[in-house]
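Report on the structure given below.
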Amino acid sequence: SDTLQDLRTEICLELEKLGISVERHHHEVASAGQCEINFKFDSAVNMGDKMMWFKYVVKNVALRHGKTVTFMPKPIFGDNGSGMHIHLSLWKGGQNLFAGQKYAGLSEMALNFIGGILKHAPTL
């Protein structure tokens with residue numbers, strides 16, 4: 001039973017008021033009220049701003065309803081986890097630069113990009 005449908009919908013309506021285009025929302029497979037809200041891609045700088053607004057809106061709408069939000073990836077030991085995460089892609093002239101014929105259907109650029117994230121993860 002999805003007990004947080006109305007709460008997620010209210011969050012999405014508030015995000016839309018801020019110009020953040022929500023694509024979908026749903027419950028996650030884990031317990032403890034885990035939810036997912038996806039919004040439309042944008043440039044890196046704009047997405048950084050939108051992520052800050054997203055967290056602010058989610059926490060404050062939840063507070064209106066007497067709920068607390070965490071973006072922890074594994075809030076309950078032994079249960080599935082999701083946490084706040086992002087999806088990355090790189091495009092130029094309408095072409096996905098991460099698609100290719102290397103490992104897992106990725107391009108050399110995508111593999112190097114992933115390597116760079118892993119190398120710099122402590123700083124990120």
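So you can find residues: chains in the structure tokens are A, B, ... in the order shown, residues in each start at 1, and ligands are numbered from 1 in order.
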Point to revise | Long-range neighbours of Lys40 of chain A as a list of chain:residue names, 8 Å cut-off, only C-alpha atoms, 3 positions minimum in chain | key: A:Ile20, A:Ser21, A:Val22, A:Glu23
Review point. Using only C-alpha atoms, which residues sit within 12 Å of segment 63-79 of chain A once same-chain residues fewer than 5 positions away are excluded, as a PyMOL selection string?
Key: chain A and resi 4+6-8+10-11+28-36+51+54-58+84-85
Serialized selection, C-alpha atoms, as a CSV table (one decimal), in the first residue's frame:
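In the end it all went to again-v5.csv:
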chain,number,residue,atom,x,y,z
A,4,LEU,CA,2.8,8.6,0.6
A,6,ASP,CA,-0.6,12.4,-1.6
A,7,LEU,CA,2.6,13.7,0.1
A,8,ARG,CA,4.7,13.1,-3.0
A,10,GLU,CA,2.1,17.8,-3.0
A,11,ILE,CA,5.9,17.9,-3.2
A,28,GLU,CA,10.5,2.5,-3.8
A,29,VAL,CA,10.7,-1.2,-3.1
A,30,ALA,CA,12.2,-0.8,0.4
A,31,SER,CA,10.2,-0.2,3.6
A,32,ALA,CA,10.4,2.9,5.8
A,33,GLY,CA,8.5,5.1,3.3
A,34,GLN,CA,11.2,5.4,0.7
A,35,CYS,CA,10.1,7.3,-2.4
A,36,GLU,CA,11.5,8.4,-5.7
A,51,MET,CA,18.9,19.7,-6.3
A,54,PHE,CA,14.5,19.9,-4.3
A,55,LYS,CA,15.9,19.0,-0.9
A,56,TYR,CA,14.5,22.2,0.6
A,57,VAL,CA,11.0,21.6,-0.8
A,58,VAL,CA,10.9,17.9,0.2
A,84,MET,CA,19.3,10.6,-3.2
A,85,HIS,CA,21.2,9.8,-6.4
Exercise for review: Check chain A with DSSP on the backbone and list each residue it calls strand (DSSP E or B), as number ranges by chain.
Suggested key: A: 22-27, 35-39, 91-92, 95-96, 99, 106
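Near Leu97 of chain A, within 8 Å and counting only C-alpha atoms, sit Ser89, Leu90, Trp91, Ser107, Met109 and Ala110 of chain A, not including residues fewer than 6 positions from it in the same chain.
Minimum distance to Leu88 of chain A across A:Gly115, A:Asn60, A:Asp42, A:Gln101 (counting only C-alpha atoms) occurs at A:Asp42.
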Revision key, fill the gap. Of A:Phe41, A:Lys50, A:Gln5, A:Gly83, the one sitting nearest His25 of chain A when using only C-alpha atoms is A:Gln5
Check your understanding: as a ChimeraX atom specification, which residues of segment 33-85 of chain A does DSSP assign to helix (DSSP H, G or I)?
Key -> /A:44-64
Selection to disk with N, CA and C atoms, as a PDB file, in the first residue's frame:
ATOM      1  N   ALA A  44      24.506  21.096 -15.899  1.00  0.00           N
ATOM      2  CA  ALA A  44      25.075  20.753 -14.596  1.00  0.00           C
ATOM      3  C   ALA A  44      24.832  21.848 -13.559  1.00  0.00           C
ATOM      4  N   VAL A  45      25.060  23.094 -13.927  1.00  0.00           N
ATOM      5  CA  VAL A  45      24.876  24.201 -12.981  1.00  0.00           C
ATOM      6  C   VAL A  45      23.407  24.324 -12.580  1.00  0.00           C
ATOM      7  N   ASN A  46      22.514  24.269 -13.545  1.00  0.00           N
ATOM      8  CA  ASN A  46      21.082  24.360 -13.237  1.00  0.00           C
ATOM      9  C   ASN A  46      20.615  23.188 -12.380  1.00  0.00           C
ATOM     10  N   MET A  47      21.133  21.992 -12.668  1.00  0.00           N
ATOM     11  CA  MET A  47      20.736  20.827 -11.867  1.00  0.00           C
ATOM     12  C   MET A  47      21.239  20.953 -10.437  1.00  0.00           C
ATOM     13  N   GLY A  48      22.418  21.525 -10.250  1.00  0.00           N
ATOM     14  CA  GLY A  48      22.914  21.749  -8.895  1.00  0.00           C
ATOM     15  C   GLY A  48      21.967  22.652  -8.116  1.00  0.00           C
ATOM     16  N   ASP A  49      21.516  23.718  -8.757  1.00  0.00           N
ATOM     17  CA  ASP A  49      20.548  24.612  -8.120  1.00  0.00           C
ATOM     18  C   ASP A  49      19.233  23.885  -7.844  1.00  0.00           C
ATOM     19  N   LYS A  50      18.771  23.123  -8.813  1.00  0.00           N
ATOM     20  CA  LYS A  50      17.501  22.406  -8.650  1.00  0.00           C
ATOM     21  C   LYS A  50      17.581  21.360  -7.540  1.00  0.00           C
ATOM     22  N   MET A  51      18.731  20.726  -7.388  1.00  0.00           N
ATOM     23  CA  MET A  51      18.881  19.739  -6.316  1.00  0.00           C
ATOM     24  C   MET A  51      18.766  20.411  -4.947  1.00  0.00           C
ATOM     25  N   MET A  52      19.317  21.594  -4.807  1.00  0.00           N
ATOM     26  CA  MET A  52      19.202  22.310  -3.533  1.00  0.00           C
ATOM     27  C   MET A  52      17.745  22.695  -3.264  1.00  0.00           C
ATOM     28  N   TRP A  53      17.047  23.194  -4.286  1.00  0.00           N
ATOM     29  CA  TRP A  53      15.626  23.511  -4.140  1.00  0.00           C
ATOM     30  C   TRP A  53      14.826  22.257  -3.833  1.00  0.00           C
ATOM     31  N   PHE A  54      15.148  21.164  -4.517  1.00  0.00           N
ATOM     32  CA  PHE A  54      14.451  19.891  -4.318  1.00  0.00           C
ATOM     33  C   PHE A  54      14.518  19.467  -2.847  1.00  0.00           C
ATOM     34  N   LYS A  55      15.720  19.443  -2.291  1.00  0.00           N
ATOM     35  CA  LYS A  55      15.883  19.030  -0.897  1.00  0.00           C
ATOM     36  C   LYS A  55      15.120  19.958   0.047  1.00  0.00           C
ATOM     37  N   TYR A  56      15.167  21.239  -0.215  1.00  0.00           N
ATOM     38  CA  TYR A  56      14.462  22.218   0.606  1.00  0.00           C
ATOM     39  C   TYR A  56      12.954  21.972   0.579  1.00  0.00           C
ATOM     40  N   VAL A  57      12.410  21.797  -0.614  1.00  0.00           N
ATOM     41  CA  VAL A  57      10.967  21.586  -0.768  1.00  0.00           C
ATOM     42  C   VAL A  57      10.545  20.267  -0.120  1.00  0.00           C
ATOM     43  N   VAL A  58      11.271  19.192  -0.386  1.00  0.00           N
ATOM     44  CA  VAL A  58      10.906  17.884   0.168  1.00  0.00           C
ATOM     45  C   VAL A  58      10.879  17.939   1.694  1.00  0.00           C
ATOM     46  N   LYS A  59      11.928  18.486   2.285  1.00  0.00           N
ATOM     47  CA  LYS A  59      11.989  18.541   3.746  1.00  0.00           C
ATOM     48  C   LYS A  59      10.875  19.407   4.336  1.00  0.00           C
ATOM     49  N   ASN A  60      10.564  20.523   3.693  1.00  0.00           N
ATOM     50  CA  ASN A  60       9.564  21.423   4.243  1.00  0.00           C
ATOM     51  C   ASN A  60       8.131  20.951   4.022  1.00  0.00           C
ATOM     52  N   VAL A  61       7.842  20.332   2.909  1.00  0.00           N
ATOM     53  CA  VAL A  61       6.502  19.763   2.715  1.00  0.00           C
ATOM     54  C   VAL A  61       6.304  18.600   3.686  1.00  0.00           C
ATOM     55  N   ALA A  62       7.313  17.788   3.863  1.00  0.00           N
ATOM     56  CA  ALA A  62       7.214  16.687   4.827  1.00  0.00           C
ATOM     57  C   ALA A  62       6.960  17.239   6.230  1.00  0.00           C
ATOM     58  N   LEU A  63       7.660  18.314   6.603  1.00  0.00           N
ATOM     59  CA  LEU A  63       7.494  18.927   7.915  1.00  0.00           C
ATOM     60  C   LEU A  63       6.057  19.399   8.133  1.00  0.00           C
ATOM     61  N   ARG A  64       5.432  19.942   7.079  1.00  0.00           N
ATOM     62  CA  ARG A  64       4.020  20.357   7.163  1.00  0.00           C
ATOM     63  C   ARG A  64       3.121  19.222   7.630  1.00  0.00           C
TER      64      ARG A  64
END
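Across the structure, atom CA of Asn96 of chain A and atom CA of His27 of chain A are spaced 29.3 Å apart.
You will find atom CA of His87 of chain A at 21.2 Å from atom CA of Leu18 of chain A.
The space separating atom CA of Gly81 of chain A from atom CA of Lys102 of chain A comes to 29.2 Å.
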